[in-house]
Amino acid sequence: MTIAEKITRLKTDIDSVYAAGVRGALGKFWDALQNKGKRTVYYETFFNFDREAFYPKYTLKLAGSTGAYGTFRQFPESAGLGDATKGFDLVARLNECGVTLDTSGATGMYRTFHFSAVTTIPTLDLRNCTSPCEDTFYFCRHLHTIEKIILPSEENQAFYSTFGECAALENITFEGVIGNGFNMQWSTLLSRASIENIIGALSTTASGRKITLSQTAVNNAFTTAEWTALVNTRPNWTLALV
């Protein structure tokens, strides 16, 4: 083995030892942060968190009324008034870590992703949410996909400023019945499939409810006749376009 080869081999060995040390330290950090998977309250835990350190070791279980409060608020790399500098694929990172985001025990989702830089959000099970999902995704300017929102009963579920300023949102799927109205006028890129899913999930028995969507998104996805036909499937709703 030449001297150059020995130097290269030594460097590789040093890098491997260093990487193993970093992984060990991170593992201990996440053991402590997540209480070895037992933690269920992540109240603003990842507020302004460094994306390079976000490698959870255990499933993130958000439970109770405060477990999901502001968990990913301004995450990550925020500047100024929480305006994130670049997007972050949360689904890809969780998959890389071999863990999931479990919201099935959460009874509220207040500001969970408020001002966050996430681009994708995994399935959110909201069946136990009894509090309004207020500001959950407010000002997530990079957010383009929410894999699925599993809804609670239509009597309990309510959205207010949930989707405010989500200008990049293209894909969203609801599972269950939407019983209360909400405003998605900022989502000008919303896909046809997403709009059809929203309309199809609207309660057939609710009255006095209103959904506001983007005129631009609807114009890009439907002809006038197609949109009229879709609207007519839910005559008990006011479907406004802005």
# chains A, B, ... in the order shown; residues from 1 in each chain; ligands from 1
$ select_by_dssp --residues "region 102-214 of chain A" --states "alpha helix (DSSP H)" --output "number ranges by chain"
A: 192-201
$ closest_atom_pairs --of "region 31-149 of chain A" --to "region 168-189 of chain A" --cutoff "12 Å" --atoms "only C-alpha atoms" --output "JSON lines"
{"residue": "A:Gly87", "atom": "CA", "partner": "A:Ala168", "partner_atom": "CA", "distance": 11.0}
{"residue": "A:Ala117", "atom": "CA", "partner": "A:Ala168", "partner_atom": "CA", "distance": 11.3}
{"residue": "A:Val118", "atom": "CA", "partner": "A:Ala168", "partner_atom": "CA", "distance": 11.1}
{"residue": "A:Thr119", "atom": "CA", "partner": "A:Leu169", "partner_atom": "CA", "distance": 8.7}
{"residue": "A:Thr120", "atom": "CA", "partner": "A:Asn171", "partner_atom": "CA", "distance": 9.4}
{"residue": "A:Ile121", "atom": "CA", "partner": "A:Ile172", "partner_atom": "CA", "distance": 9.7}
{"residue": "A:Pro122", "atom": "CA", "partner": "A:Ile172", "partner_atom": "CA", "distance": 10.4}
{"residue": "A:Thr123", "atom": "CA", "partner": "A:Thr173", "partner_atom": "CA", "distance": 9.1}
{"residue": "A:Leu124", "atom": "CA", "partner": "A:Phe174", "partner_atom": "CA", "distance": 9.8}
{"residue": "A:Asp125", "atom": "CA", "partner": "A:Glu175", "partner_atom": "CA", "distance": 9.4}
{"residue": "A:Leu126", "atom": "CA", "partner": "A:Glu175", "partner_atom": "CA", "distance": 10.1}
{"residue": "A:Arg127", "atom": "CA", "partner": "A:Gly176", "partner_atom": "CA", "distance": 9.3}
{"residue": "A:Pro132", "atom": "CA", "partner": "A:Asn180", "partner_atom": "CA", "distance": 10.2}
{"residue": "A:Cys133", "atom": "CA", "partner": "A:Phe182", "partner_atom": "CA", "distance": 10.4}
{"residue": "A:Glu134", "atom": "CA", "partner": "A:Phe182", "partner_atom": "CA", "distance": 10.5}
{"residue": "A:Asp135", "atom": "CA", "partner": "A:Phe182", "partner_atom": "CA", "distance": 11.5}
{"residue": "A:Phe137", "atom": "CA", "partner": "A:Leu169", "partner_atom": "CA", "distance": 10.4}
{"residue": "A:Tyr138", "atom": "CA", "partner": "A:Met184", "partner_atom": "CA", "distance": 10.8}
{"residue": "A:Phe139", "atom": "CA", "partner": "A:Trp186", "partner_atom": "CA", "distance": 10.0}
{"residue": "A:Cys140", "atom": "CA", "partner": "A:Ala168", "partner_atom": "CA", "distance": 8.2}
{"residue": "A:Arg141", "atom": "CA", "partner": "A:Ala168", "partner_atom": "CA", "distance": 6.0}
{"residue": "A:His142", "atom": "CA", "partner": "A:Ala168", "partner_atom": "CA", "distance": 5.8}
{"residue": "A:Leu143", "atom": "CA", "partner": "A:Leu169", "partner_atom": "CA", "distance": 5.5}
{"residue": "A:His144", "atom": "CA", "partner": "A:Leu169", "partner_atom": "CA", "distance": 3.9}
{"residue": "A:Thr145", "atom": "CA", "partner": "A:Asn171", "partner_atom": "CA", "distance": 4.6}
{"residue": "A:Ile146", "atom": "CA", "partner": "A:Ile172", "partner_atom": "CA", "distance": 4.9}
{"residue": "A:Glu147", "atom": "CA", "partner": "A:Ile172", "partner_atom": "CA", "distance": 6.0}
{"residue": "A:Lys148", "atom": "CA", "partner": "A:Thr173", "partner_atom": "CA", "distance": 4.6}
{"residue": "A:Ile149", "atom": "CA", "partner": "A:Phe174", "partner_atom": "CA", "distance": 4.9}
$ atom_distance --atom1 "CA of Lys36 (chain A)" --atom2 "CA of Pro152 (chain A)"
29.2 Å
$ closest_residue --among "A:Gly164, A:Pro76, A:Gly108, A:Gly70" --to "Thr45 (chain A)" --atoms "only C-alpha atoms"
A:Gly70
$ residues_around --residues "region 46-57 of chain A" --least-positions-apart "2" --cutoff "7 Å" --atoms "only C-alpha atoms" --output "VMD selection string"
chain A and resid 27 30 44 71 to 78 97
$ select_by_dssp --residues "region 26-228 of chain A" --states "strand (DSSP E or B)" --output "ChimeraX atom specification"
/A:60-64,78-79,83-84,88-89,101-106,118-121,124-125,133,145-150,159,171-175,178,182-184,202,209-213
$ write_last_selection --atoms "N, CA and C atoms" --output "CSV table (one decimal), in the first residue's frame"
chain,number,residue,atom,x,y,z
A,60,LEU,N,-43.2,10.4,17.0
A,60,LEU,CA,-43.7,11.6,17.7
A,60,LEU,C,-45.1,11.5,18.0
A,61,LYS,N,-45.4,11.2,19.2
A,61,LYS,CA,-46.8,11.0,19.7
A,61,LYS,C,-47.3,12.3,20.3
A,62,LEU,N,-48.2,13.0,19.7
A,62,LEU,CA,-48.8,14.2,20.2
A,62,LEU,C,-50.1,13.9,20.8
A,63,ALA,N,-50.3,14.2,22.1
A,63,ALA,CA,-51.5,13.8,22.8
A,63,ALA,C,-52.0,14.9,23.7
A,64,GLY,N,-53.3,14.8,24.0
A,64,GLY,CA,-53.9,15.8,24.9
A,64,GLY,C,-54.2,17.2,24.3
A,78,SER,N,-36.1,29.9,10.6
A,78,SER,CA,-37.0,31.1,10.3
A,78,SER,C,-36.2,32.4,10.5
A,79,ALA,N,-36.8,33.4,9.9
A,79,ALA,CA,-36.1,34.7,10.0
A,79,ALA,C,-37.2,35.8,10.0
A,83,ASP,N,-40.8,34.0,8.8
A,83,ASP,CA,-40.8,33.7,7.4
A,83,ASP,C,-39.7,32.7,7.1
A,84,ALA,N,-40.0,31.4,7.0
A,84,ALA,CA,-38.9,30.4,6.8
A,84,ALA,C,-38.2,30.7,5.5
A,88,PHE,N,-38.9,22.4,3.9
A,88,PHE,CA,-38.4,21.2,4.5
A,88,PHE,C,-39.4,20.1,4.3
A,89,ASP,N,-38.9,19.0,3.8
A,89,ASP,CA,-39.8,17.8,3.5
A,89,ASP,C,-39.9,17.0,4.8
A,101,LEU,N,-45.5,10.4,12.6
A,101,LEU,CA,-46.1,11.4,13.4
A,101,LEU,C,-47.5,11.0,13.8
A,102,ASP,N,-47.7,10.7,15.1
A,102,ASP,CA,-49.0,10.2,15.6
A,102,ASP,C,-49.8,11.2,16.3
A,103,THR,N,-50.8,11.7,15.7
A,103,THR,CA,-51.7,12.7,16.3
A,103,THR,C,-53.0,12.2,16.8
A,104,SER,N,-53.1,10.9,16.8
A,104,SER,CA,-54.4,10.2,17.2
A,104,SER,C,-54.9,10.5,18.6
A,105,GLY,N,-53.9,10.9,19.5
A,105,GLY,CA,-54.3,11.2,20.9
A,105,GLY,C,-54.4,12.7,21.1
A,106,ALA,N,-54.3,13.5,20.1
A,106,ALA,CA,-54.3,15.0,20.3
A,106,ALA,C,-55.8,15.4,20.4
A,118,VAL,N,-42.3,23.6,6.5
A,118,VAL,CA,-42.5,22.3,5.9
A,118,VAL,C,-43.2,22.4,4.6
A,119,THR,N,-42.8,21.5,3.7
A,119,THR,CA,-43.4,21.4,2.4
A,119,THR,C,-44.4,20.3,2.3
A,120,THR,N,-44.2,19.2,3.1
A,120,THR,CA,-45.1,18.1,3.1
A,120,THR,C,-45.4,17.7,4.5
A,121,ILE,N,-46.7,17.3,4.8
A,121,ILE,CA,-47.1,16.9,6.1
A,121,ILE,C,-47.8,15.6,6.0
A,124,LEU,N,-52.6,13.3,9.3
A,124,LEU,CA,-52.9,13.8,10.6
A,124,LEU,C,-54.3,13.2,11.1
A,125,ASP,N,-54.3,12.4,12.1
A,125,ASP,CA,-55.5,11.8,12.6
A,125,ASP,C,-56.1,12.7,13.7
A,133,CYS,N,-59.3,23.7,15.1
A,133,CYS,CA,-58.0,23.6,14.6
A,133,CYS,C,-57.6,25.0,14.1
A,145,THR,N,-48.2,19.9,0.2
A,145,THR,CA,-49.0,18.7,0.3
A,145,THR,C,-49.3,18.3,1.8
A,146,ILE,N,-50.5,18.1,2.1
A,146,ILE,CA,-50.9,17.4,3.3
A,146,ILE,C,-51.5,16.1,2.9
A,147,GLU,N,-50.8,15.0,3.3
A,147,GLU,CA,-51.2,13.7,2.8
A,147,GLU,C,-52.7,13.4,3.0
A,148,LYS,N,-53.1,13.6,4.3
A,148,LYS,CA,-54.5,13.3,4.6
A,148,LYS,C,-54.8,13.9,6.0
A,149,ILE,N,-56.0,14.4,6.1
A,149,ILE,CA,-56.6,14.8,7.4
A,149,ILE,C,-57.8,13.9,7.7
A,150,ILE,N,-57.6,13.1,8.8
A,150,ILE,CA,-58.7,12.3,9.2
A,150,ILE,C,-59.6,13.1,10.2
A,159,PHE,N,-62.8,24.4,11.7
A,159,PHE,CA,-61.6,25.1,11.1
A,159,PHE,C,-61.9,26.5,11.0
A,171,ASN,N,-52.0,19.9,-2.8
A,171,ASN,CA,-52.6,18.6,-2.6
A,171,ASN,C,-53.1,18.5,-1.1
A,172,ILE,N,-54.3,18.1,-0.9
A,172,ILE,CA,-54.9,17.8,0.4
A,172,ILE,C,-56.0,16.8,0.3
A,173,THR,N,-56.1,15.9,1.2
A,173,THR,CA,-57.1,14.9,1.2
A,173,THR,C,-57.8,14.9,2.6
A,174,PHE,N,-59.1,14.9,2.6
A,174,PHE,CA,-59.9,14.8,3.8
A,174,PHE,C,-60.5,13.4,3.8
A,175,GLU,N,-60.5,12.8,5.0
A,175,GLU,CA,-61.2,11.5,5.2
A,175,GLU,C,-62.2,11.7,6.3
A,178,ILE,N,-66.8,16.8,6.5
A,178,ILE,CA,-66.6,18.2,6.9
A,178,ILE,C,-67.9,18.8,7.3
A,182,PHE,N,-64.6,26.6,6.2
A,182,PHE,CA,-63.3,27.2,6.3
A,182,PHE,C,-62.9,27.9,5.1
A,183,ASN,N,-61.8,28.6,5.1
A,183,ASN,CA,-61.4,29.5,4.0
A,183,ASN,C,-60.0,29.1,3.5
A,184,MET,N,-60.0,28.8,2.2
A,184,MET,CA,-58.8,28.4,1.5
A,184,MET,C,-58.6,29.3,0.3
A,202,LEU,N,-68.0,17.4,2.1
A,202,LEU,CA,-68.9,18.3,2.8
A,202,LEU,C,-70.2,17.5,3.3
A,209,ARG,N,-73.5,26.7,6.3
A,209,ARG,CA,-72.1,26.6,6.3
A,209,ARG,C,-71.5,27.2,5.0
A,210,LYS,N,-70.2,27.6,5.1
A,210,LYS,CA,-69.6,28.2,3.9
A,210,LYS,C,-68.2,27.8,3.8
A,211,ILE,N,-67.8,27.4,2.5
A,211,ILE,CA,-66.5,27.1,2.1
A,211,ILE,C,-66.0,28.2,1.2
A,212,THR,N,-64.8,28.8,1.4
A,212,THR,CA,-64.3,29.8,0.4
A,212,THR,C,-63.0,29.2,-0.2
A,213,LEU,N,-63.1,29.2,-1.5
A,213,LEU,CA,-61.9,28.7,-2.3
A,213,LEU,C,-61.4,29.8,-3.2
$ atom_distance --atom1 "CA of Tyr42 (chain A)" --atom2 "CA of Ala68 (chain A)"
5.9 Å
